[in-house]
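**Q** If it helps, the file is called structure_30.txt and holds compact mmCIF, C-alpha atoms:
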```
# COMPACT_ATOMS: atom_id res chain seq x y z
CA MET A 263 -4.74 -3.75 21.86
CA ALA A 264 -8.22 -4.94 22.83
CA ARG A 265 -9.79 -2.04 20.91
CA SER A 266 -7.70 -2.81 17.83
CA LYS A 267 -8.78 -6.46 17.93
CA LEU A 268 -12.40 -5.36 18.29
CA LEU A 269 -12.16 -3.00 15.30
CA LEU A 270 -10.49 -5.70 13.19
CA SER A 271 -13.07 -8.35 14.13
CA GLU A 272 -15.92 -5.95 13.32
CA ALA A 273 -14.37 -5.13 9.95
CA VAL A 274 -13.90 -8.81 9.05
CA ARG A 275 -17.43 -9.64 10.21
CA SER A 276 -18.87 -6.88 8.05
CA LEU A 277 -16.87 -7.99 5.01
CA PHE A 278 -18.23 -11.53 5.17
CA ALA A 279 -21.74 -10.36 6.11
CA ASN A 280 -21.94 -8.20 2.96
CA VAL A 281 -20.25 -10.44 0.41
CA SER A 282 -21.85 -8.85 -2.65
CA THR A 283 -20.84 -5.27 -1.80
CA THR A 284 -17.40 -6.47 -0.67
CA ALA A 285 -16.91 -8.24 -4.01
CA ALA A 286 -18.12 -5.17 -5.91
CA ALA A 287 -15.74 -2.87 -4.01
CA THR A 288 -12.83 -5.27 -4.50
CA MET A 289 -13.50 -5.56 -8.23
CA THR A 290 -13.71 -1.78 -8.48
CA VAL A 291 -10.32 -1.44 -6.82
CA LEU A 292 -8.90 -4.23 -9.00
CA ILE A 293 -10.03 -2.60 -12.24
CA GLY A 294 -8.91 0.87 -11.16
CA MET A 295 -5.48 -0.29 -9.97
CA PHE A 296 -4.95 -2.50 -13.02
CA LEU A 297 -5.62 0.48 -15.27
CA LEU A 298 -3.38 2.65 -13.09
CA GLY A 299 -0.52 0.14 -13.35
CA PHE A 300 -0.97 -0.20 -17.10
CA LEU A 301 -1.07 3.58 -17.46
CA ILE A 302 2.06 4.06 -15.33
CA GLY A 303 3.98 1.55 -17.44
CA LEU A 304 2.78 3.02 -20.73
CA SER A 305 3.24 6.66 -19.70
CA THR A 306 6.75 6.21 -18.27
CA TRP A 307 7.75 4.31 -21.42
CA ALA A 308 6.29 7.13 -23.55
CA PHE A 309 8.14 9.76 -21.49
CA SER A 310 11.36 7.79 -21.95
CA LEU A 311 10.72 7.54 -25.69
CA SER A 312 10.11 11.29 -25.99
CA ASN A 313 13.31 12.00 -24.02
CA HIS A 314 15.19 9.62 -26.32
CA TYR A 315 14.14 11.65 -29.37
CA LYS A 316 14.80 14.93 -27.56
CA HIS A 317 18.39 13.82 -26.97
CA GLU A 318 18.77 13.34 -30.72
CA LEU A 319 18.07 17.03 -31.29
CA VAL A 320 21.37 18.79 -31.92
CA VAL A 321 22.54 22.10 -33.33
CA LYS A 322 24.90 21.92 -36.31
CA VAL A 323 27.30 24.82 -36.87
CA TYR A 324 28.82 24.77 -40.38
CA PHE A 325 31.91 26.82 -41.24
CA ASN A 326 32.95 28.18 -44.62
CA HIS A 327 35.13 26.15 -46.96
CA GLY A 328 38.74 27.04 -46.34
CA VAL A 329 38.43 27.52 -42.59
CA ALA A 330 41.00 25.32 -40.83
CA ASP A 331 39.69 22.50 -38.62
CA ASN A 332 41.38 24.04 -35.59
CA GLY A 333 41.32 27.60 -36.83
CA LYS A 334 40.57 30.65 -34.70
CA GLU A 335 37.01 30.92 -36.06
CA VAL A 336 36.25 27.35 -34.91
CA THR A 337 37.87 27.66 -31.48
CA ASP A 338 36.15 31.01 -30.78
CA VAL A 339 32.68 29.62 -31.55
CA GLN A 340 33.43 26.42 -29.62
CA SER A 341 34.49 28.43 -26.55
CA LYS A 342 31.37 30.57 -26.77
CA LEU A 343 29.14 27.51 -26.94
CA LEU A 344 30.89 25.72 -24.06
CA ALA A 345 30.32 28.81 -21.90
CA ASN A 346 26.58 28.58 -22.60
CA PRO A 347 24.82 26.90 -19.61
CA LEU A 348 22.28 25.34 -22.01
CA VAL A 349 24.97 23.36 -23.85
CA LYS A 350 25.88 19.85 -22.72
CA SER A 351 28.74 19.16 -25.12
CA VAL A 352 30.37 20.39 -28.34
CA THR A 353 31.91 17.89 -30.76
CA PRO A 354 34.19 19.17 -33.55
CA VAL A 355 33.75 17.57 -36.98
CA SER A 356 36.61 18.02 -39.43
CA ALA A 357 35.96 18.75 -43.10
CA GLU A 358 37.25 15.29 -44.06
CA GLU A 359 35.04 13.57 -41.50
CA GLY A 360 32.06 15.63 -42.62
CA LEU A 361 32.59 14.46 -46.20
CA LYS A 362 32.74 10.83 -45.06
CA GLN A 363 29.48 11.24 -43.15
CA MET A 364 27.79 12.81 -46.19
CA ARG A 365 29.08 10.04 -48.45
CA LYS A 366 27.71 7.42 -46.07
CA LYS A 367 24.38 9.19 -45.60
CA ASN A 368 23.78 10.07 -49.27
CA PRO A 369 25.76 7.60 -51.41
CA GLU A 370 23.62 8.34 -54.46
CA LEU A 371 25.18 11.81 -54.69
CA PHE A 372 28.65 10.35 -55.25
CA LYS A 373 27.85 7.65 -57.84
CA GLY A 374 29.86 7.93 -61.03
CA SER A 375 31.68 11.10 -60.02
CA THR A 376 34.85 12.03 -58.21
CA LEU A 377 35.11 15.30 -56.37
CA PRO A 378 38.19 17.35 -57.38
CA TYR A 379 38.36 18.74 -53.83
CA ASN A 380 36.44 18.68 -50.54
CA PRO A 381 33.84 21.48 -50.74
CA LEU A 382 32.97 21.25 -47.06
CA GLY A 383 34.36 23.18 -44.16
CA PRO A 384 34.66 22.07 -40.53
CA ALA A 385 31.57 21.85 -38.34
CA LEU A 386 30.51 21.65 -34.70
CA THR A 387 27.83 19.32 -33.33
CA VAL A 388 26.24 20.91 -30.26
CA GLN A 389 24.36 18.67 -27.82
CA PRO A 390 21.92 20.66 -25.63
CA LYS A 391 21.16 19.68 -22.04
CA ARG A 392 17.48 19.68 -22.98
CA GLY A 393 15.98 19.20 -26.41
CA GLU A 394 13.79 22.24 -25.81
CA ASP A 395 16.88 24.48 -25.76
CA THR A 396 17.98 23.89 -29.36
CA VAL A 397 16.27 27.06 -30.58
CA LYS A 398 17.88 29.22 -27.88
CA ILE A 399 21.32 27.78 -28.63
CA ALA A 400 20.90 28.42 -32.36
CA ASP A 401 19.68 31.97 -31.66
CA SER A 402 22.77 32.62 -29.53
CA LEU A 403 24.80 32.41 -32.74
CA ASN A 404 22.69 35.03 -34.52
CA PRO A 405 24.16 37.05 -36.17
CA ALA A 406 26.56 34.41 -37.40
CA PRO A 407 30.11 34.74 -36.02
CA PRO A 408 33.01 35.17 -38.47
CA GLY A 409 33.63 32.09 -40.56
CA VAL A 410 30.23 30.50 -39.86
CA HIS A 411 28.32 29.54 -43.00
CA ASP A 412 25.11 28.16 -41.45
CA VAL A 413 23.52 27.19 -38.13
CA ASN A 414 20.98 24.38 -38.47
CA TYR A 415 18.89 22.55 -35.87
CA GLY A 416 16.22 20.98 -38.08
CA LYS A 417 13.60 23.60 -37.30
CA LYS A 418 10.54 21.76 -38.63
CA THR A 419 11.55 18.37 -37.23
CA ALA A 420 12.43 19.85 -33.83
CA HIS A 421 9.14 21.75 -33.63
CA LYS A 422 7.06 18.67 -34.48
CA LEU A 423 9.00 16.47 -32.07
CA LEU A 424 8.80 18.87 -29.14
CA THR A 425 5.10 19.48 -29.76
CA ALA A 426 4.41 15.74 -29.83
CA ALA A 427 6.45 15.22 -26.64
CA LYS A 428 4.51 17.97 -24.86
CA VAL A 429 1.16 16.49 -25.95
CA ILE A 430 2.24 13.05 -24.68
CA ASP A 431 3.29 14.47 -21.30
CA ILE A 432 0.06 16.42 -20.82
CA PHE A 433 -2.15 13.53 -21.98
CA PHE A 434 -0.71 10.96 -19.61
CA VAL A 435 -0.64 13.33 -16.61
CA LEU A 436 -4.31 14.17 -17.18
CA ALA A 437 -5.15 10.49 -17.73
CA VAL A 438 -3.62 9.51 -14.38
CA ILE A 439 -5.46 12.32 -12.57
CA VAL A 440 -8.80 11.41 -14.17
CA LEU A 441 -8.26 7.73 -13.36
CA LEU A 442 -7.48 8.46 -9.70
CA VAL A 443 -10.51 10.74 -9.30
CA SER A 444 -12.87 8.32 -11.02
CA SER A 445 -11.51 5.38 -9.02
CA THR A 446 -12.03 7.28 -5.76
CA LEU A 447 -15.62 8.11 -6.69
CA LEU A 448 -16.40 4.54 -7.80
CA ILE A 449 -14.89 3.01 -4.69
CA GLY A 450 -16.67 5.54 -2.48
CA ASN A 451 -20.04 4.87 -4.13
CA THR A 452 -19.59 1.10 -3.84
CA ILE A 453 -18.65 1.32 -0.16
CA ARG A 454 -21.57 3.69 0.40
CA LEU A 455 -23.97 0.83 -0.43
CA ALA A 456 -22.55 -1.24 2.42
CA ILE A 457 -22.66 1.69 4.82
CA PHE A 458 -26.21 2.61 3.81
CA SER A 459 -27.43 -0.89 4.61
CA ARG A 460 -26.01 -0.49 8.13
CA ARG A 461 -27.17 3.07 8.80
CA ARG A 462 -29.53 1.95 11.59
CA GLU A 463 -26.64 0.23 13.32
CA ILE A 464 -24.58 3.42 13.07
CA GLU A 465 -27.43 5.51 14.50
CA VAL A 466 -27.80 3.14 17.47
CA MET A 467 -24.05 3.23 18.14
CA LYS A 468 -24.12 7.04 18.08
CA LEU A 469 -27.09 7.16 20.48
CA VAL A 470 -25.35 4.93 23.04
CA GLY A 471 -22.30 7.19 23.05
CA ALA A 472 -19.86 5.71 20.52
CA THR A 473 -17.39 8.26 19.16
CA ASN A 474 -17.17 9.06 15.47
CA TRP A 475 -13.72 7.48 15.20
CA PHE A 476 -14.87 4.29 16.95
CA ILE A 477 -17.63 3.95 14.36
CA ARG A 478 -15.43 5.01 11.46
CA GLY A 479 -12.62 2.59 12.40
CA PRO A 480 -14.17 -0.70 11.19
CA PHE A 481 -15.33 0.88 7.93
CA MET A 482 -11.85 2.29 7.23
CA LEU A 483 -10.35 -1.12 7.99
CA GLU A 484 -12.85 -2.62 5.55
CA GLY A 485 -11.66 -0.14 2.96
CA LEU A 486 -8.02 -0.98 3.69
CA ILE A 487 -8.65 -4.72 3.36
CA THR A 488 -10.68 -4.19 0.18
CA GLY A 489 -7.95 -1.95 -1.24
CA LEU A 490 -5.24 -4.46 -0.30
CA VAL A 491 -7.00 -7.44 -1.91
CA GLY A 492 -7.96 -5.50 -5.03
CA SER A 493 -4.45 -4.07 -5.43
CA LEU A 494 -2.76 -7.47 -5.00
CA ALA A 495 -5.12 -8.97 -7.58
CA ALA A 496 -4.32 -6.11 -9.98
CA ILE A 497 -0.57 -6.65 -9.46
CA LEU A 498 -1.03 -10.36 -10.17
CA LEU A 499 -2.83 -9.60 -13.44
CA LEU A 500 -0.10 -7.14 -14.43
CA VAL A 501 2.57 -9.76 -13.70
CA LEU A 502 0.73 -12.21 -15.96
CA GLY A 503 0.48 -9.56 -18.68
CA LYS A 504 4.16 -8.71 -18.26
CA GLU A 505 5.23 -12.32 -18.60
CA ILE A 506 2.81 -13.38 -21.35
CA ALA A 507 1.87 -10.37 -23.50
CA LEU A 508 4.92 -8.09 -23.18
CA PRO A 509 7.46 -10.48 -24.78
CA ARG A 510 5.22 -10.66 -27.86
CA ILE A 511 4.82 -6.89 -28.10
CA MET A 512 8.36 -5.64 -27.43
CA PRO A 513 9.96 -7.01 -30.64
CA HIS A 514 7.60 -4.75 -32.62
CA VAL A 515 8.38 -1.48 -30.80
CA ILE A 516 11.37 0.84 -30.81
CA ARG A 517 14.28 -0.62 -28.84
CA ALA A 518 17.09 1.43 -27.29
CA SER A 519 19.07 1.24 -24.06
CA ASP A 520 17.62 4.52 -22.79
CA ILE A 521 13.97 3.69 -23.60
CA HIS A 522 12.31 1.89 -20.72
CA ALA A 523 9.39 2.12 -18.29
CA TRP A 524 9.74 2.35 -14.53
CA PRO A 525 10.84 -0.89 -12.81
CA PHE A 526 7.83 -3.12 -12.12
CA GLY A 527 8.63 -3.16 -8.39
CA VAL A 528 8.16 0.61 -8.19
CA THR A 529 4.86 0.39 -10.10
CA ALA A 530 3.66 -2.41 -7.80
CA LEU A 531 4.42 -0.33 -4.69
CA ILE A 532 2.54 2.64 -6.17
CA ILE A 533 -0.46 0.45 -6.97
CA LEU A 534 -0.45 -1.09 -3.49
CA GLY A 535 -0.15 2.26 -1.72
CA THR A 536 -2.77 3.90 -3.92
CA GLY A 537 -5.21 1.00 -3.44
CA LEU A 538 -4.84 1.15 0.35
CA LEU A 539 -5.21 4.93 0.36
CA LEU A 540 -8.27 4.93 -1.91
CA GLY A 541 -9.94 2.15 0.09
CA ALA A 542 -9.43 3.88 3.44
CA ALA A 543 -10.25 7.36 2.08
CA GLY A 544 -13.35 6.10 0.27
CA SER A 545 -14.69 4.54 3.47
CA GLY A 546 -13.70 7.42 5.73
CA LEU A 547 -15.15 10.14 3.54
CA THR A 548 -18.34 8.24 2.68
CA ILE A 549 -19.31 7.52 6.27
CA ARG A 550 -19.15 11.18 7.29
CA ARG A 551 -22.72 11.91 6.23
CA PHE A 552 -24.04 8.98 8.27
CA LEU A 553 -22.36 10.22 11.45
CA GLN A 554 -24.55 13.30 11.59
CA VAL A 555 -27.11 11.93 14.05
```
Mind converting the file's structure to structure tokens?
**A**
Amino acid sequence: MARSKLLLSEAVRSLFANVSTTAAATMTVLIGMFLLGFLIGLSTWAFSLSNHYKHELVVKVYFNHGVADNGKEVTDVQSKLLANPLVKSVTPVSAEEGLKQMRKKNPELFKGSTLPYNPLGPALTVQPKRGEDTVKIADSLNPAPPGVHDVNYGKKTAHKLLTAAKVIDIFFVLAVIVLLVSSTLLIGNTIRLAIFSRRREIEVMKLVGATNWFIRGPFMLEGLITGLVGSLAAILLLVLGKEIALPRIMPHVIRASDIHAWPFGVTALIILGTGLLLGAAGSGLTIRRFLQV
């Protein structure tokens, strides 16, 4: 207990004795953690958006005109699809319902004309478990089973959407990694200034028999305190942005029940933990070179 109090008092003393470097380190943590929080919110929202569009990718199986809605051709293909582990669900669409959907989607085709009969056959709407599996599901019906007129999954649209989703995923993962690495280096370099100014003190402590961990302790506590203050300040700024800027932005973006970023509480915990870790690691790793006496 006495040693812990000593380490804490030394850390606090050093923080107030080197106000400029302490402020610089805290600001570095603040900026890094603010960007990390912003990036987490934006990236998780972008991942959710890409998943939303992936879920809209379906495979359409169209049957020939004259095939009964519950005919053997339809039930055979439906059973085959339901047995496919890549398929989430299969929804039958009757010929009459298909005509209603086409009339609603393309009303200009039905202006001024009355169809003598329904030219459409029944269809199946296949929902994959993952949007990436639409091609495999469509290929599983090649060659076309008896009674099937066409299998369509919007090849061009699906390819563009999946490519864009993959680019988004890779970009944000790389951005988070780069941000963490750069923040660690910046925090380490800032803390190194404070340690460098006290190198004589470290050498004296080593010469009188102080262990490496006894010397490293106050510096790591300094890093923890710096990381804590910087992270809390970053969380406060993000809360202000969430309450002030976000309500003005959200009405202009795509809205859906399944499109959302991670809860702010989770993001705040990540920021706080990362700030503490970076502060302690930056101090602990930086001081290693000064312990070689």
**Q** Have a look at CA of Val355 (chain A) and CA of Pro384 (chain A) and let me know their distance in Å, one decimal.
**A** 5.8 Å
**Q** One decimal, in Å: what's the spacing between CA of Asp331 (chain A) and CA of Thr419 (chain A)?
**A**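 We find that CA of Asp331 (chain A) and CA of Thr419 (chain A) lie 28.5 Å from each other.
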**Q** Kindly give the distance, in Å, that separates CA of Leu423 (chain A) and CA of Thr396 (chain A), rounded to a single decimal.
**A** 12.0 Å
**Q** Which residue is closest to Arg392 (chain A)? Choose from A:Val466, A:Leu301, A:Ala472, A:Leu424 and count only C-alpha atoms.
**A**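 Closest to Arg392 (chain A), using only C-alpha atoms: A:Leu424.
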**Q** Give me the residues of region 349-373 of chain A that have any atom at most 6 Å from an atom of region 385-391 of chain A; for each, the nearest atom pair and the distance in Å, rounded to one decimal. Use all atoms listed in the file, sort by chain and number, and format it as a Markdown table.
**A**
```
| residue | atom | partner | partner_atom | distance |
| --- | --- | --- | --- | --- |
| A:Val349 | CA | A:Pro390 | CA | 4.4 |
| A:Lys350 | CA | A:Lys391 | CA | 4.8 |
| A:Ser351 | CA | A:Gln389 | CA | 5.2 |
| A:Val352 | CA | A:Val388 | CA | 4.6 |
| A:Thr353 | CA | A:Thr387 | CA | 5.0 |
| A:Pro354 | CA | A:Leu386 | CA | 4.6 |
| A:Val355 | CA | A:Ala385 | CA | 5.0 |
```
**Q** Please provide the set of residues having any atom within 7 Å of Trp524 (chain A), restricted to all atoms listed in the file, with same-chain residues fewer than 2 positions apart removed, written as a PyMOL selection string.
**A** chain A and resi 303+306+522+526+528-529
**Q** Leaving out His411 (chain A) and any residue of its chain fewer than 3 positions from it, which residues lie within 7 Å of it when counting only C-alpha atoms, given as a PyMOL selection string?
**A** chain A and resi 324-326
**Q** Taking all atoms of region 409-424 of chain A that appear in the file, build a box with edges along x, y and z, extend it by 3 Å on every side, and state its centre and edge lengths in Å to one decimal, as JSON.
**A**
```
{"center_x": 20.3, "center_y": 24.3, "center_z": -36.1, "size_x": 32.6, "size_y": 21.6, "size_z": 19.9}
```
**Q** Write out, as JSON lines, each residue of region 413-512 of chain A that has an atom at most 12 Å from region 280-289 of chain A, together with the closest pair of atoms and their distance in Å to one decimal, counting only C-alpha atoms, rows going by chain and rising number.
**A**
```
{"residue": "A:Ser445", "atom": "CA", "partner": "A:Ala287", "partner_atom": "CA", "distance": 10.5}
{"residue": "A:Thr446", "atom": "CA", "partner": "A:Ala287", "partner_atom": "CA", "distance": 10.9}
{"residue": "A:Leu447", "atom": "CA", "partner": "A:Ala287", "partner_atom": "CA", "distance": 11.3}
{"residue": "A:Leu448", "atom": "CA", "partner": "A:Ala287", "partner_atom": "CA", "distance": 8.3}
{"residue": "A:Ile449", "atom": "CA", "partner": "A:Ala287", "partner_atom": "CA", "distance": 6.0}
{"residue": "A:Gly450", "atom": "CA", "partner": "A:Ala287", "partner_atom": "CA", "distance": 8.6}
{"residue": "A:Asn451", "atom": "CA", "partner": "A:Ala287", "partner_atom": "CA", "distance": 8.9}
{"residue": "A:Thr452", "atom": "CA", "partner": "A:Ala287", "partner_atom": "CA", "distance": 5.5}
{"residue": "A:Ile453", "atom": "CA", "partner": "A:Ala287", "partner_atom": "CA", "distance": 6.4}
{"residue": "A:Arg454", "atom": "CA", "partner": "A:Thr283", "partner_atom": "CA", "distance": 9.3}
{"residue": "A:Leu455", "atom": "CA", "partner": "A:Thr283", "partner_atom": "CA", "distance": 7.0}
{"residue": "A:Ala456", "atom": "CA", "partner": "A:Thr283", "partner_atom": "CA", "distance": 6.1}
{"residue": "A:Ile457", "atom": "CA", "partner": "A:Thr283", "partner_atom": "CA", "distance": 9.8}
{"residue": "A:Phe458", "atom": "CA", "partner": "A:Thr283", "partner_atom": "CA", "distance": 11.1}
{"residue": "A:Ser459", "atom": "CA", "partner": "A:Asn280", "partner_atom": "CA", "distance": 9.3}
{"residue": "A:Arg460", "atom": "CA", "partner": "A:Asn280", "partner_atom": "CA", "distance": 10.1}
{"residue": "A:Phe481", "atom": "CA", "partner": "A:Thr284", "partner_atom": "CA", "distance": 11.5}
{"residue": "A:Glu484", "atom": "CA", "partner": "A:Thr284", "partner_atom": "CA", "distance": 8.6}
{"residue": "A:Gly485", "atom": "CA", "partner": "A:Ala287", "partner_atom": "CA", "distance": 8.5}
{"residue": "A:Leu486", "atom": "CA", "partner": "A:Thr288", "partner_atom": "CA", "distance": 10.4}
{"residue": "A:Ile487", "atom": "CA", "partner": "A:Thr288", "partner_atom": "CA", "distance": 8.9}
{"residue": "A:Thr488", "atom": "CA", "partner": "A:Thr288", "partner_atom": "CA", "distance": 5.3}
{"residue": "A:Gly489", "atom": "CA", "partner": "A:Thr288", "partner_atom": "CA", "distance": 6.7}
{"residue": "A:Leu490", "atom": "CA", "partner": "A:Thr288", "partner_atom": "CA", "distance": 8.7}
{"residue": "A:Val491", "atom": "CA", "partner": "A:Thr288", "partner_atom": "CA", "distance": 6.7}
{"residue": "A:Gly492", "atom": "CA", "partner": "A:Thr288", "partner_atom": "CA", "distance": 4.9}
{"residue": "A:Ser493", "atom": "CA", "partner": "A:Thr288", "partner_atom": "CA", "distance": 8.5}
{"residue": "A:Leu494", "atom": "CA", "partner": "A:Thr288", "partner_atom": "CA", "distance": 10.3}
{"residue": "A:Ala495", "atom": "CA", "partner": "A:Met289", "partner_atom": "CA", "distance": 9.1}
{"residue": "A:Ala496", "atom": "CA", "partner": "A:Met289", "partner_atom": "CA", "distance": 9.4}
```
**Q** Measuring between all atoms listed in the file, which one of A:Ala420, A:Gly383, A:Ile497, A:Ala330 shows the shortest distance to Ile532 (chain A)?
**A**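 Among the listed residues, A:Ile497 lies closest to Ile532 (chain A).
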**Q** Report as a list in words all protein, DNA and RNA residues lying within 12 Å of Leu304 (chain A), evaluated on all atoms listed in the file, omitting residues in the same chain fewer than 6 positions from it.
**A**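 The neighbour list is Leu297, Leu298, Ser310, Leu311, Ile430, Asp431, Phe433, Phe434, Val435, Ala437, Val438, Leu508, Ile521, His522, Ala523, Trp524, Pro525, Phe526 and Thr529 of chain A.
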**Q** Using only C-alpha atoms for the distances, tell me which of A:Ser312, A:Thr290, A:Asn346, A:Thr536 is nearest to Gly393 (chain A).
**A**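 Comparing A:Ser312, A:Thr290, A:Asn346, A:Thr536 against Gly393 (chain A), the winner is A:Ser312.
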